[in-house]
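**Q** Can you keep this structure in mind? I'll have questions shortly.
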Amino acid sequence: MNRISFYDQIAKNRRSSFFLSVIVFSFLVVLIYVISEIFIPELSLLFLIVSMIMVFLYTYGTYNYGDSIVLAATKAQPIDENDPKYVHLVNVVEGLSIAAGVPKPSIHLIESDEINAFATGKDPQHASIAVTTGLLKNLRRDELEGVIGHELSHIRNYDIRFATLVAVMVGLVAILSNMFLRSMWYAPRGGKRERRGDVGLLVLVGVLLAILSPIIVRLVQFAISRRREFLADASSVELTRYPPGLANALDKIMRINRGDMKVSEAVSHLFFVDPTKSPLDSLYATHPSIEERIRILRAM
Amino acid sequence: MIWLWLVPVVVALIVIGIFVYFMNRVIILSNRVDNAWSQIDVQLKKRADLVPNLVETVKGYAAHEKQAIEMVTKARENMLKASDMKTRAKAENELTQALKTIFALAENYPNLRASENFRLLQEQLEGIENKIAYARQFYNDSVLGFNNTITTIPGSFFAGIVGRSKPREFFEILEAERAPVKVQF
C-alpha cells in the first residue's frame with residue numbers, strides 16, 4: 001500500500017511538472033503576444049515567434065537550473081562538509097539518504113534564527129537540502145532526523161521538481177504580469193483610431209491576465225502543498241521509525257519561530273514550515289497548520 | 001479496410017508493452033535488493049577500517065584494558081574472514097557489542113575521552129552505526145517491495161517468466177541484540 005502510493009506520487013509529480021511547464025509556456029507566449037499586439041501590432045507575428053523561442057529556452061533553463069535560482073533567492077550557502085561543526089548534520093543526511101535509497105544531496109546553510117529547511121532540485125540525482133542556522137542550534141539529533149527525513153521524502157517523491165518549477169516559473173509569471181499592469185499607464189492612447197476597438201479588447205485581456213496571475217500563483221501554491229506535506233511527514237516517520245522526533249521539532253518551531261524570514265513569496269511553499277506569517281494565512285495557507293501535523297504525528 | 005489491420009497490431013503492441021513493463025519491474029526491484037545489500041557491506045567495511053585506529057588510540061591511554069581491546073580486534077578479524085552470511089552476521093554483532101564495551105570503558109579514562117582523536121572516532125563510529133541500521137532498514141524495505149510484487153498478481157506471473165520468483169530473505173535482528181543490555185561492573 002505504502003509502496004504503491006509512493007510510486008504514484010512520483011508519477012503524479014512528473015505529470016504535474018510537465019503540464020505546469022506546458023501551461024506556463026502557453027501563458028507566457030500569449031501574454032507576450034497580447035503585449036506586442038497593443039504596442040507594436042505590425043511586428044506582433046515576429047514577436048510571437050521570438051517569444052516562443054525565448055520562453056522555450058526559459059522553461060528549459062528553469063527545469064535544469066531552477067535549484068540554483070531558488071538557493072540564490074534564499075541566500076543559502078553550501079557548507080564545508082569536513083568542518084567538525086557540521087559532522088552530525090552530514091552524518092544525519094548521509095544516514096537518512098541511505099534509508100531513503102537516494103544519493104546524498106548537497107547541503108546548504110541559511111543564516112537565520114528561525115527553524116526552517118527546504119529541499120530543491122530536478123531529481124534525486126541533482127538535489128540540495130538547505131537548513132537554517134537556527135535549526136542547527138535548536139534541534140536535538142532525533143528532531144533533526146525528523147526534519148531531514150521530511151525533506152528527503154520530498155526529494156525521493158520528486159516533490160522538489162514540481163515545487164521548484166512552481167517557484168521559478170510562476171514567480172516569473174507574477175513578475176511579468178506586475179510589469180504589464182504598470183506599463184498600462186504608459187500605453188499609447190488614441191494614436192491608432194482605426195484599431196481602437198481591438199486595442200480596447202486587448203487592454204481588457206491584458207488587465208484580466210494581470211489581475212488573474214496573482215490568483216493563479218495562489219491557487220497553484222495552494223494546490224501543491226498541503227497533501228504533500230502530510231505525505232512527507234508520514235514518509236519521514238517511515239525512514240526514522242520515530243514519530244516523536246518530528247513532532248517535537250514542530251513543537252519547538254511553534255514556540256520559537258516568529259515567522260519573519262525574509263524570503264520571496266514565490267519560494268515560501270518549498271519550506272518545511274511557512275517562513276512568513278501573514279493575516280491571510282488561514283485563507284491562502286500553503287502549509288497545513290502545525291497543530292494538525294503534530295496531532296497526526298502524536299497519533300501514530 | 002486498412003484500419004482493421006491496425007486492431008491486432010495495436011493489441012499486440014499493448015500486450016508487448018505490458019510484458020516489458022512488468023518483467024522490467026521485477027528485475028529492477030530484484031536489483032534494488034542486491035544493491036541495498038551491498039550498501040550494508042559498504043558501511044560495514046568503513047567501520048572495520050576505523051577499528052585499528054580506535055584500537056591504537058585506546059591502547060595509548062588504557063593499555064591494560066587488554067580484554068576489551070582483544071575482543072574488538074578478534075571480532076573484526078572474524079568479520080573479515082567470515083565466508084557465509086550467518087557467521088558474518090554473528091561476527092558483525094560481536095563487533096558492535098565490543099565497540100559498545102570500549103566506549104563504555106572510555107568513561108573511566110578522562111584523558112582518553114578528552115583526546116581529540118578519540119572524540120572524532122566516536123562520532124564517526126556512531127554515525128556509521130546509524131548508517132548500518134539505515135542500510136539494513138532500506139534493505140528490508142526493498143525486500144518487502146520485491147516480495148510483495150512477486151507474490152501478488154500480476155507480478156507473480158511475470159516473476160516466473162524472468163526466473164526471479166523466489167522471495168528474498170529479510171535481514172533479521174539476532175536474538176543477542178534483541179535482549180536488553182546487561183551492565184557489568
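All residue names refer to the C-alpha cells as shown: chains lettered A, B, ... in order, residues numbered from 1 in each chain, ligands numbered from 1 in order.
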Residues of chain A no more than 12 Å from chain B, counting only C-alpha atoms: send them over as a PyMOL selection string.
**A** chain A and resi 1-4+6-7+82-103+141-142+145+149+238-241
**Q** Write a file of the selected residues as an mmCIF file, in the first residue's frame, keeping C-alpha atoms.
**A**
```
data_model
loop_
_atom_site.group_PDB
_atom_site.id
_atom_site.type_symbol
_atom_site.label_atom_id
_atom_site.label_comp_id
_atom_site.auth_asym_id
_atom_site.auth_seq_id
_atom_site.Cartn_x
_atom_site.Cartn_y
_atom_site.Cartn_z
ATOM 1 C CA MET A 1 0.000 0.000 0.000
ATOM 2 C CA ASN A 2 2.716 2.335 1.126
ATOM 3 C CA ARG A 3 4.943 1.471 -1.799
ATOM 4 C CA ILE A 4 2.169 1.960 -4.293
ATOM 5 C CA PHE A 6 4.957 6.445 -3.179
ATOM 6 C CA TYR A 7 5.352 5.396 -6.813
ATOM 7 C CA ASN A 82 34.601 18.335 6.574
ATOM 8 C CA ASP A 83 34.092 21.061 9.156
ATOM 9 C CA PRO A 84 33.710 19.346 12.587
ATOM 10 C CA LYS A 85 30.879 21.807 13.333
ATOM 11 C CA TYR A 86 28.672 20.072 10.766
ATOM 12 C CA VAL A 87 29.740 16.452 11.284
ATOM 13 C CA HIS A 88 26.464 15.416 12.892
ATOM 14 C CA LEU A 89 24.372 17.189 10.210
ATOM 15 C CA VAL A 90 26.341 15.462 7.449
ATOM 16 C CA ASN A 91 26.008 12.120 9.260
ATOM 17 C CA VAL A 92 22.250 12.520 9.631
ATOM 18 C CA VAL A 93 21.791 13.467 5.970
ATOM 19 C CA GLU A 94 24.003 10.590 4.798
ATOM 20 C CA GLY A 95 22.282 8.056 7.031
ATOM 21 C CA LEU A 96 18.769 9.029 6.043
ATOM 22 C CA SER A 97 19.739 9.154 2.351
ATOM 23 C CA ILE A 98 20.753 5.523 2.696
ATOM 24 C CA ALA A 99 17.421 4.730 4.348
ATOM 25 C CA ALA A 100 15.508 6.551 1.591
ATOM 26 C CA GLY A 101 17.629 4.965 -1.130
ATOM 27 C CA VAL A 102 18.600 8.268 -2.750
ATOM 28 C CA PRO A 103 22.081 9.743 -3.351
ATOM 29 C CA ARG A 141 19.568 14.877 16.882
ATOM 30 C CA ASP A 142 16.259 12.973 16.776
ATOM 31 C CA GLU A 145 16.443 13.492 11.808
ATOM 32 C CA GLY A 149 13.666 12.790 6.782
ATOM 33 C CA GLU A 238 8.796 5.645 7.775
ATOM 34 C CA LEU A 239 12.510 6.499 7.496
ATOM 35 C CA THR A 240 13.291 7.407 11.106
ATOM 36 C CA ARG A 241 10.770 5.000 12.689
#
```
**Q** Any idea what the distance is between atom CA of Ile28 of chain B and atom CA of Val11 of chain B?
**A** 25.6 Å
**Q** Can you work out the spacing between atom CA of Lys100 of chain B and atom CA of Glu70 of chain B in Å, to one decimal?
**A** 13.6 Å
**Q** Between atom CA of Leu231 of chain A and atom CA of Asp113 of chain A, what is the spacing in Å?
**A**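 Pair atom CA of Asp113 of chain A / atom CA of Leu231 of chain A returns 26.9 Å.
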**Q** Need to verify the contact set: Leu270 of chain A, 8 Å, only C-alpha atoms, exclusion of same-chain residues closer than 4 positions in sequence. Can you return it as a PyMOL selection string?
**A** chain A and resi 118-120+160+163-164+167
**Q** Neighbouring residues of segment 25-30 of chain A were defined as those with any atom within 8 Å, considering only C-alpha atoms; residues of the same chain fewer than 4 positions away were excluded. Please report them as a list of chain:residue names.
**A**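 Counting only C-alpha atoms, the residues come to A:Ser21, A:Val34, A:Leu48, A:Ser51, A:Met52, A:Val55, A:Phe56, A:Thr59, A:Val173.
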**Q** If we count only C-alpha atoms, what is near segment 290-300 of chain A at a cut-off of 12 Å, once residues fewer than 5 positions away on the same chain are taken out, given as a ChimeraX atom specification?
**A** /A:146,226-238,241-255,257,272-274,282,285
